[in-house]
Each structure stands twice: as structure tokens, then as C-alpha cells.
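Have a look at run.cif below; it lists mmCIF, C-alpha atoms.
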```
data_data
loop_
_atom_site.label_atom_id
_atom_site.label_comp_id
_atom_site.auth_asym_id
_atom_site.auth_seq_id
_atom_site.Cartn_x
_atom_site.Cartn_y
_atom_site.Cartn_z
CA MET A 1 -28.80 11.17 -83.51
CA LYS A 2 -27.58 14.61 -84.61
CA TYR A 3 -31.04 15.39 -86.04
CA LEU A 4 -32.73 14.18 -82.85
CA LEU A 5 -30.63 16.57 -80.77
CA THR A 6 -31.37 19.45 -83.16
CA PHE A 7 -35.09 18.59 -83.08
CA GLY A 8 -35.02 18.52 -79.26
CA ILE A 9 -33.36 21.94 -79.11
CA LEU A 10 -35.94 23.31 -81.57
CA VAL A 11 -38.85 21.94 -79.51
CA MET A 12 -37.38 23.38 -76.28
CA SER A 13 -36.84 26.77 -77.95
CA ILE A 14 -40.45 26.86 -79.16
CA PHE A 15 -41.62 25.87 -75.64
CA PHE A 16 -39.63 28.67 -73.99
CA LEU A 17 -40.72 31.27 -76.57
CA THR A 18 -44.37 30.24 -76.16
CA THR A 19 -44.08 30.37 -72.37
CA ALA A 20 -42.41 33.78 -72.51
CA SER A 21 -45.13 35.08 -74.84
CA MET A 22 -47.86 33.76 -72.51
CA ILE A 23 -46.24 35.40 -69.48
CA ASN A 24 -45.84 38.67 -71.39
CA ALA A 25 -49.50 38.56 -72.48
CA GLN A 26 -50.64 37.89 -68.88
CA MET A 27 -48.52 40.79 -67.59
CA GLU A 28 -50.04 43.12 -70.21
CA THR A 29 -53.54 41.96 -69.23
CA ASN A 30 -52.78 42.58 -65.55
CA MET A 31 -51.41 46.05 -66.30
CA ASN A 32 -54.46 46.90 -68.44
CA ASN A 33 -56.77 45.72 -65.65
CA LEU A 34 -54.87 47.87 -63.16
CA THR A 35 -55.06 50.89 -65.45
CA ASN A 36 -58.79 50.38 -66.07
CA THR A 37 -59.44 50.00 -62.33
CA THR A 38 -57.47 53.14 -61.54
CA ASN A 39 -59.37 55.16 -64.12
CA THR A 40 -62.79 54.12 -62.80
CA THR A 41 -61.99 54.56 -59.10
CA LYS A 42 -62.84 57.82 -57.33
CA ASP A 43 -59.93 60.08 -56.61
CA LEU A 44 -58.34 58.82 -53.41
CA THR A 45 -57.62 61.56 -50.93
CA VAL A 46 -57.17 61.96 -47.21
CA SER A 47 -57.32 64.95 -44.93
CA ILE A 48 -56.49 65.62 -41.33
CA GLY A 49 -59.65 66.22 -39.37
CA GLU A 50 -60.39 67.53 -35.91
CA LEU A 51 -58.04 67.27 -32.96
CA LEU A 52 -59.18 64.20 -30.99
CA LEU A 53 -56.74 63.86 -28.12
CA VAL A 54 -54.19 65.87 -26.21
CA LEU A 55 -52.10 63.69 -23.90
CA LYS A 56 -49.39 64.53 -21.39
CA GLY A 57 -47.28 61.70 -20.04
CA LYS A 58 -44.20 60.73 -18.12
CA GLY A 59 -41.87 57.83 -18.85
CA GLU A 60 -42.14 55.25 -16.07
CA GLY A 61 -39.36 52.90 -17.06
CA MET A 62 -36.87 52.16 -19.78
CA ARG A 63 -34.84 49.11 -20.69
CA LEU A 64 -32.45 48.04 -23.42
CA THR A 65 -34.10 45.11 -25.22
CA ASN A 66 -31.18 43.98 -27.37
CA ILE A 67 -27.49 44.58 -26.73
CA ASP A 68 -26.64 44.12 -30.44
CA LYS A 69 -28.83 46.96 -31.70
CA PRO A 70 -29.88 50.24 -30.09
CA GLN A 71 -33.46 49.30 -29.22
CA LEU A 72 -35.27 50.60 -26.14
CA GLU A 73 -38.53 49.74 -24.45
CA VAL A 74 -40.27 52.61 -22.69
CA SER A 75 -43.48 52.53 -20.64
CA TRP A 76 -45.45 55.62 -19.64
CA SER A 77 -48.54 56.86 -17.89
CA GLY A 78 -50.31 60.16 -18.24
CA ASN A 79 -53.51 62.10 -18.54
CA GLY A 80 -55.27 63.98 -21.26
CA THR A 81 -58.52 65.04 -22.82
CA LEU A 82 -60.67 63.58 -25.56
CA ASN A 83 -62.46 66.14 -27.75
CA GLY A 84 -61.20 68.92 -25.49
CA ASN A 85 -63.38 68.12 -22.48
CA ILE A 86 -63.43 64.41 -21.57
CA PRO A 87 -60.67 63.56 -19.07
CA ILE A 88 -58.82 60.31 -19.69
CA MET A 89 -55.86 58.33 -18.39
CA ASP A 90 -53.24 57.03 -20.85
CA LEU A 91 -50.96 53.99 -20.30
CA GLY A 92 -48.67 52.38 -22.84
CA THR A 93 -45.41 50.85 -23.96
CA ALA A 94 -43.24 51.69 -26.97
CA TRP A 95 -40.28 49.98 -28.63
CA SER A 96 -37.87 52.40 -30.32
CA THR A 97 -34.92 51.56 -32.54
CA LEU A 98 -32.25 54.16 -33.31
CA LYS A 99 -31.25 53.90 -36.96
CA ASP A 100 -27.80 54.71 -38.40
CA ASN A 101 -29.19 57.91 -39.97
CA GLY A 102 -30.14 59.30 -36.54
CA TYR A 103 -33.88 58.67 -36.87
CA MET A 104 -35.83 56.75 -34.25
CA HIS A 105 -38.39 54.20 -35.50
CA THR A 106 -41.05 53.51 -32.87
CA LYS A 107 -44.01 51.18 -32.52
CA GLY A 108 -46.17 50.47 -29.53
CA HIS A 109 -49.56 50.07 -27.93
CA GLY A 110 -51.60 51.54 -25.11
CA ILE A 111 -54.96 52.01 -23.50
CA LEU A 112 -57.11 55.03 -22.71
CA ILE A 113 -59.32 54.87 -19.61
CA THR A 114 -62.12 57.24 -18.62
CA PHE A 115 -63.06 57.98 -15.01
CA ASP A 116 -66.07 55.69 -15.61
CA ASN A 117 -63.62 52.83 -16.41
CA GLU A 118 -64.40 52.81 -20.11
CA VAL A 119 -61.39 51.49 -22.10
CA ALA A 120 -60.13 52.00 -25.66
CA LYS A 121 -57.04 50.25 -27.04
CA TYR A 122 -54.61 51.65 -29.58
CA THR A 123 -51.51 50.74 -31.55
CA PHE A 124 -49.13 53.18 -33.19
CA SER A 125 -46.06 53.49 -35.36
CA GLY A 126 -43.90 56.53 -36.01
CA ILE A 127 -40.59 58.04 -36.96
CA GLY A 128 -38.77 60.72 -35.01
CA GLU A 129 -35.54 62.58 -34.52
CA PHE A 130 -33.80 64.55 -31.79
CA ASP A 131 -33.60 68.34 -32.06
CA ASP A 132 -30.70 70.54 -30.94
CA ASN A 133 -32.13 70.73 -27.40
CA GLY A 134 -32.24 66.94 -27.02
CA LYS A 135 -36.02 66.65 -27.42
CA LEU A 136 -37.36 63.74 -29.44
CA GLY A 137 -40.10 64.69 -31.91
CA ASN A 138 -42.17 61.95 -33.55
CA LEU A 139 -44.77 61.80 -36.31
CA GLY A 140 -46.86 58.75 -37.02
CA SER A 141 -50.19 56.98 -37.22
CA VAL A 142 -52.37 55.45 -34.54
CA ASN A 143 -55.20 52.91 -34.86
CA PHE A 144 -57.96 52.81 -32.25
CA ASP A 145 -60.25 50.01 -31.09
CA ALA A 146 -63.11 50.92 -28.75
CA THR A 147 -66.60 49.73 -27.95
CA ASP A 148 -69.63 50.89 -29.92
CA THR A 149 -71.13 52.67 -26.90
CA GLY A 150 -69.92 55.25 -24.40
CA VAL A 151 -67.76 58.35 -24.73
CA LEU A 152 -64.79 56.47 -26.20
CA SER A 153 -66.95 55.04 -29.02
CA VAL A 154 -65.92 58.06 -31.14
CA LEU A 155 -62.51 56.36 -31.40
CA ASN A 156 -63.80 52.98 -32.58
CA ASN A 157 -62.03 51.92 -35.82
CA ILE A 158 -60.47 55.37 -36.24
CA VAL A 159 -57.05 56.05 -37.76
CA GLY A 160 -55.28 59.06 -36.34
CA ILE A 161 -52.18 61.05 -37.14
CA TYR A 162 -50.03 62.04 -34.21
CA ALA A 163 -47.21 64.40 -33.35
CA ASP A 164 -45.40 64.24 -30.04
CA GLU A 165 -42.45 65.66 -28.23
CA VAL A 166 -40.49 63.99 -25.45
CA ASP A 167 -37.97 65.96 -23.37
CA GLN A 168 -34.78 64.61 -21.78
CA ASN A 169 -36.65 63.93 -18.51
CA GLY A 170 -39.22 61.68 -20.20
CA ASN A 171 -42.05 64.23 -20.14
CA SER A 172 -44.18 64.06 -23.26
CA ILE A 173 -47.02 65.83 -24.99
CA THR A 174 -48.92 64.11 -27.79
CA LYS A 175 -51.61 65.45 -30.09
CA ILE A 176 -53.73 63.12 -32.23
CA TRP A 177 -55.92 64.21 -35.13
CA LYS A 178 -58.51 62.10 -36.93
CA LEU A 179 -57.58 61.01 -40.46
CA ASN A 180 -60.51 61.44 -42.88
CA LYS A 181 -61.11 59.93 -46.34
#
```
Mind turning the file's structure into C-alpha cells?
Amino acid sequence: MKYLLTFGILVMSIFFLTTASMINAQMETNMNNLTNTTNTTKDLTVSIGELLLVLKGKGEGMRLTNIDKPQLEVSWSGNGTLNGNIPIMDLGTAWSTLKDNGYMHTKGHGILITFDNEVAKYTFSGIGEFDDNGKLGNLGSVNFDATDTGVLSVLNNIVGIYADEVDQNGNSITKIWKLNK
């Protein structure tokens, strides 16, 4: 019986060592594949392209969405220009959470409408903080979805980088640049 127990422990030890060796070999293979892929891929870079949109808005309403954490919902409407000369209307809603470190994390969505009733949708996410004058400044990314035709088609499947500023009265200015590969 004593030899049977010793034999069982030996078999289990060999099983665990073999399994550990197989896992280690698979991890090395995966790392080598990752390294080989990285070496053969073009250099990945991005750059900020042309200014696409300049938007001016006004907060229309605000509400506290959760009493247990400082999260606000804000809706706005405004106007702006696409490519410096195409007038558009901007409507949207954002959800902002104030973090313990003083930064505001925001996500939201909106629509852009031309005077010809052409519509583009967008979603965004950003991080901001208040300055000494009480203005909130945000930086983030925005993803557009538009039709393949019309003046807003230049936004279709575009990723943008935005910067905005919101004063204590809810007035905002937002600039969005195209992100290029």
C-alpha cells in the first residue's frame, strides 16, 4: 500500500510537470508569434488632421442620475460649422462622473443636422478637469456615423479628437479634428 501511494504521487508529479512544461512551451510560442508579427507590421502611427467641426452649445438640462455617486446627465443644443463653411445644428446628451482625483469622466452621444435635414450620429468619451475659473476642459475621442452621400458623408466612419470648454453657465465650445493613420 505504501508503494502504491508513492507510485501515485510520482505519477501525479510527472503529470503536473508535463502540464507545466506544455503550458510554458505554448506561452513561449505565443510570445514568439507576437514578436514576429510586431516585427513584420508597418510602424503604427497616428496624426491629428484637419479641423472638422467647431461647435458652440448651451446646456439645456441637468440631472443627478445616481445619489450614491457624483454622476450627472447633461443635454445640450447648439450650432456650428463643418469644414469651416457648412452650418449645422448639434444636439446631444452626456453622462459625467466626478472621480475622487477631481477629474470628470464623460461619455455621450449626439446628432448633427444640416439645414437640408441631413443627419450624422456620433458617440464620444473624454476626460476633463475644472480650471481655477470654474471652467471644465475636456479632451477625448469621437466616432462618427453618417450616410455615404451628402455633405455629412465626410464624417462617415471617422474618428476624431476633441477639445472643449464649458463655462459655469453651461456655454460650451468644442473643436474636433480628424484622426489620421
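Residues lying at most 12 Å from (-52.3, 67.0, -28.3) in file coordinates, with only C-alpha atoms considered, are Glu50, Leu51, Leu52, Leu53, Val54, Leu55, Lys56, Gly57, Asn79, Gly80, Thr81, Leu82, Asn83, Gly84, Gly160, Ile161, Tyr162, Ala163, Asp164, Glu165, Ser172, Ile173, Thr174, Lys175, Ile176, Trp177 and Lys178 of chain A.
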Would you write out those residues with C-alpha atoms, as a PDB file, in the coordinates of the input?
```pdb
ATOM      1  CA  GLU A  50     -60.390  67.530 -35.910  1.00  0.00           C
ATOM      2  CA  LEU A  51     -58.040  67.270 -32.960  1.00  0.00           C
ATOM      3  CA  LEU A  52     -59.180  64.200 -30.990  1.00  0.00           C
ATOM      4  CA  LEU A  53     -56.740  63.860 -28.120  1.00  0.00           C
ATOM      5  CA  VAL A  54     -54.190  65.870 -26.210  1.00  0.00           C
ATOM      6  CA  LEU A  55     -52.100  63.690 -23.900  1.00  0.00           C
ATOM      7  CA  LYS A  56     -49.390  64.530 -21.390  1.00  0.00           C
ATOM      8  CA  GLY A  57     -47.280  61.700 -20.040  1.00  0.00           C
ATOM      9  CA  ASN A  79     -53.510  62.100 -18.540  1.00  0.00           C
ATOM     10  CA  GLY A  80     -55.270  63.980 -21.260  1.00  0.00           C
ATOM     11  CA  THR A  81     -58.520  65.040 -22.820  1.00  0.00           C
ATOM     12  CA  LEU A  82     -60.670  63.580 -25.560  1.00  0.00           C
ATOM     13  CA  ASN A  83     -62.460  66.140 -27.750  1.00  0.00           C
ATOM     14  CA  GLY A  84     -61.200  68.920 -25.490  1.00  0.00           C
ATOM     15  CA  GLY A 160     -55.280  59.060 -36.340  1.00  0.00           C
ATOM     16  CA  ILE A 161     -52.180  61.050 -37.140  1.00  0.00           C
ATOM     17  CA  TYR A 162     -50.030  62.040 -34.210  1.00  0.00           C
ATOM     18  CA  ALA A 163     -47.210  64.400 -33.350  1.00  0.00           C
ATOM     19  CA  ASP A 164     -45.400  64.240 -30.040  1.00  0.00           C
ATOM     20  CA  GLU A 165     -42.450  65.660 -28.230  1.00  0.00           C
ATOM     21  CA  SER A 172     -44.180  64.060 -23.260  1.00  0.00           C
ATOM     22  CA  ILE A 173     -47.020  65.830 -24.990  1.00  0.00           C
ATOM     23  CA  THR A 174     -48.920  64.110 -27.790  1.00  0.00           C
ATOM     24  CA  LYS A 175     -51.610  65.450 -30.090  1.00  0.00           C
ATOM     25  CA  ILE A 176     -53.730  63.120 -32.230  1.00  0.00           C
ATOM     26  CA  TRP A 177     -55.920  64.210 -35.130  1.00  0.00           C
ATOM     27  CA  LYS A 178     -58.510  62.100 -36.930  1.00  0.00           C
TER      28      LYS A 178
END
```
Best match for closeness to Tyr103 of chain A among A:Leu139, A:Val74, A:Met89, A:Ile158, counting only C-alpha atoms: A:Leu139
For Val142 of chain A, please output as a ChimeraX atom specification all residues within 6 Å (counting only C-alpha atoms; exclusion window: fewer than 5 positions along the same chain). /A:123-124,159-160
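Atom CA of Ser47 of chain A to atom CA of Ser141 of chain A spans 13.2 Å [interatomic distance, one decimal].
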Work out how far atom CA of Ile127 of chain A is from atom CA of Thr45 of chain A, in Å to one decimal. 22.3 Å
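Taking only C-alpha atoms into account, Asn133 of chain A lies nearest to A:Val166 out of the set A:Ser75, A:Val166, A:Trp95, A:Thr114.
Coordinates place atom CA of Ser96 of chain A at a distance of 15.2 Å from atom CA of Gln168 of chain A.
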Write out as a VMD selection string which residues come within 10 Å of Glu60 of chain A when counting all atoms listed in the file, dropping same-chain ones fewer than 6 positions away. chain A and resid 74 to 78 91 to 93 170 to 171
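Of the residues listed (A:Ile67, A:Glu73, A:Asn85, A:Leu112), A:Leu112 shows the shortest atom-to-atom separation from Ser153 of chain A; distances use all atoms listed in the file.
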Using only C-alpha atoms, can you tell me which of A:Leu72, A:Gly150, A:Leu179, A:Gly61 comes closest to Ile86 of chain A? A:Gly150
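Evaluated against the shown file, the PyMOL selection byres ((chain A and resi 105) around 10) gives Gln71, Trp95, Ser96, Thr97, Leu98, Lys99, Gly102, Tyr103, Met104, Thr106, Lys107, Ser125, Gly126, Ile127, Gly128, Glu129, Asn138, Leu139 and Gly140 of chain A.
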Please complete segment 94-114 of chain A so it has N, CA and C atoms, and hand it over as a PDB file, in the frame of the given file.
```pdb
ATOM      1  N   ALA A  94     -43.763  51.487 -25.625  1.00  0.00           N
ATOM      2  CA  ALA A  94     -43.240  51.690 -26.970  1.00  0.00           C
ATOM      3  C   ALA A  94     -41.882  51.007 -27.094  1.00  0.00           C
ATOM      4  N   TRP A  95     -41.580  50.561 -28.301  1.00  0.00           N
ATOM      5  CA  TRP A  95     -40.280  49.980 -28.630  1.00  0.00           C
ATOM      6  C   TRP A  95     -39.663  50.855 -29.707  1.00  0.00           C
ATOM      7  N   SER A  96     -38.520  51.446 -29.407  1.00  0.00           N
ATOM      8  CA  SER A  96     -37.870  52.400 -30.320  1.00  0.00           C
ATOM      9  C   SER A  96     -36.502  51.879 -30.723  1.00  0.00           C
ATOM     10  N   THR A  97     -36.214  51.977 -32.010  1.00  0.00           N
ATOM     11  CA  THR A  97     -34.920  51.560 -32.540  1.00  0.00           C
ATOM     12  C   THR A  97     -34.249  52.765 -33.181  1.00  0.00           C
ATOM     13  N   LEU A  98     -33.027  53.069 -32.741  1.00  0.00           N
ATOM     14  CA  LEU A  98     -32.250  54.160 -33.310  1.00  0.00           C
ATOM     15  C   LEU A  98     -31.551  53.651 -34.551  1.00  0.00           C
ATOM     16  N   LYS A  99     -31.837  54.284 -35.679  1.00  0.00           N
ATOM     17  CA  LYS A  99     -31.250  53.900 -36.960  1.00  0.00           C
ATOM     18  C   LYS A  99     -29.923  54.622 -37.168  1.00  0.00           C
ATOM     19  N   ASP A 100     -29.109  54.123 -38.105  1.00  0.00           N
ATOM     20  CA  ASP A 100     -27.800  54.710 -38.400  1.00  0.00           C
ATOM     21  C   ASP A 100     -27.897  56.161 -38.860  1.00  0.00           C
ATOM     22  N   ASN A 101     -29.035  56.542 -39.456  1.00  0.00           N
ATOM     23  CA  ASN A 101     -29.190  57.910 -39.970  1.00  0.00           C
ATOM     24  C   ASN A 101     -29.644  58.892 -38.900  1.00  0.00           C
ATOM     25  N   GLY A 102     -29.750  58.429 -37.644  1.00  0.00           N
ATOM     26  CA  GLY A 102     -30.140  59.300 -36.540  1.00  0.00           C
ATOM     27  C   GLY A 102     -31.626  59.328 -36.251  1.00  0.00           C
ATOM     28  N   TYR A 103     -32.435  58.706 -37.094  1.00  0.00           N
ATOM     29  CA  TYR A 103     -33.880  58.670 -36.870  1.00  0.00           C
ATOM     30  C   TYR A 103     -34.244  57.535 -35.929  1.00  0.00           C
ATOM     31  N   MET A 104     -35.314  57.740 -35.184  1.00  0.00           N
ATOM     32  CA  MET A 104     -35.830  56.750 -34.250  1.00  0.00           C
ATOM     33  C   MET A 104     -37.121  56.174 -34.846  1.00  0.00           C
ATOM     34  N   HIS A 105     -37.182  54.873 -35.033  1.00  0.00           N
ATOM     35  CA  HIS A 105     -38.390  54.200 -35.500  1.00  0.00           C
ATOM     36  C   HIS A 105     -39.065  53.580 -34.285  1.00  0.00           C
ATOM     37  N   THR A 106     -40.340  53.914 -34.084  1.00  0.00           N
ATOM     38  CA  THR A 106     -41.050  53.510 -32.870  1.00  0.00           C
ATOM     39  C   THR A 106     -42.368  52.844 -33.212  1.00  0.00           C
ATOM     40  N   LYS A 107     -42.690  51.804 -32.456  1.00  0.00           N
ATOM     41  CA  LYS A 107     -44.010  51.180 -32.520  1.00  0.00           C
ATOM     42  C   LYS A 107     -44.421  50.866 -31.098  1.00  0.00           C
ATOM     43  N   GLY A 108     -45.727  50.760 -30.878  1.00  0.00           N
ATOM     44  CA  GLY A 108     -46.170  50.470 -29.530  1.00  0.00           C
ATOM     45  C   GLY A 108     -47.671  50.315 -29.431  1.00  0.00           C
ATOM     46  N   HIS A 109     -48.132  50.195 -28.188  1.00  0.00           N
ATOM     47  CA  HIS A 109     -49.560  50.070 -27.930  1.00  0.00           C
ATOM     48  C   HIS A 109     -49.891  50.684 -26.571  1.00  0.00           C
ATOM     49  N   GLY A 110     -51.174  50.955 -26.376  1.00  0.00           N
ATOM     50  CA  GLY A 110     -51.600  51.540 -25.110  1.00  0.00           C
ATOM     51  C   GLY A 110     -53.090  51.433 -24.927  1.00  0.00           C
ATOM     52  N   ILE A 111     -53.534  51.965 -23.788  1.00  0.00           N
ATOM     53  CA  ILE A 111     -54.960  52.010 -23.500  1.00  0.00           C
ATOM     54  C   ILE A 111     -55.313  53.398 -22.966  1.00  0.00           C
ATOM     55  N   LEU A 112     -56.529  53.804 -23.250  1.00  0.00           N
ATOM     56  CA  LEU A 112     -57.110  55.030 -22.710  1.00  0.00           C
ATOM     57  C   LEU A 112     -58.229  54.600 -21.773  1.00  0.00           C
ATOM     58  N   ILE A 113     -58.312  55.229 -20.609  1.00  0.00           N
ATOM     59  CA  ILE A 113     -59.320  54.870 -19.610  1.00  0.00           C
ATOM     60  C   ILE A 113     -60.016  56.133 -19.143  1.00  0.00           C
ATOM     61  N   THR A 114     -61.353  56.106 -19.157  1.00  0.00           N
ATOM     62  CA  THR A 114     -62.120  57.240 -18.620  1.00  0.00           C
ATOM     63  C   THR A 114     -62.286  57.042 -17.122  1.00  0.00           C
TER      64      THR A 114
END
```
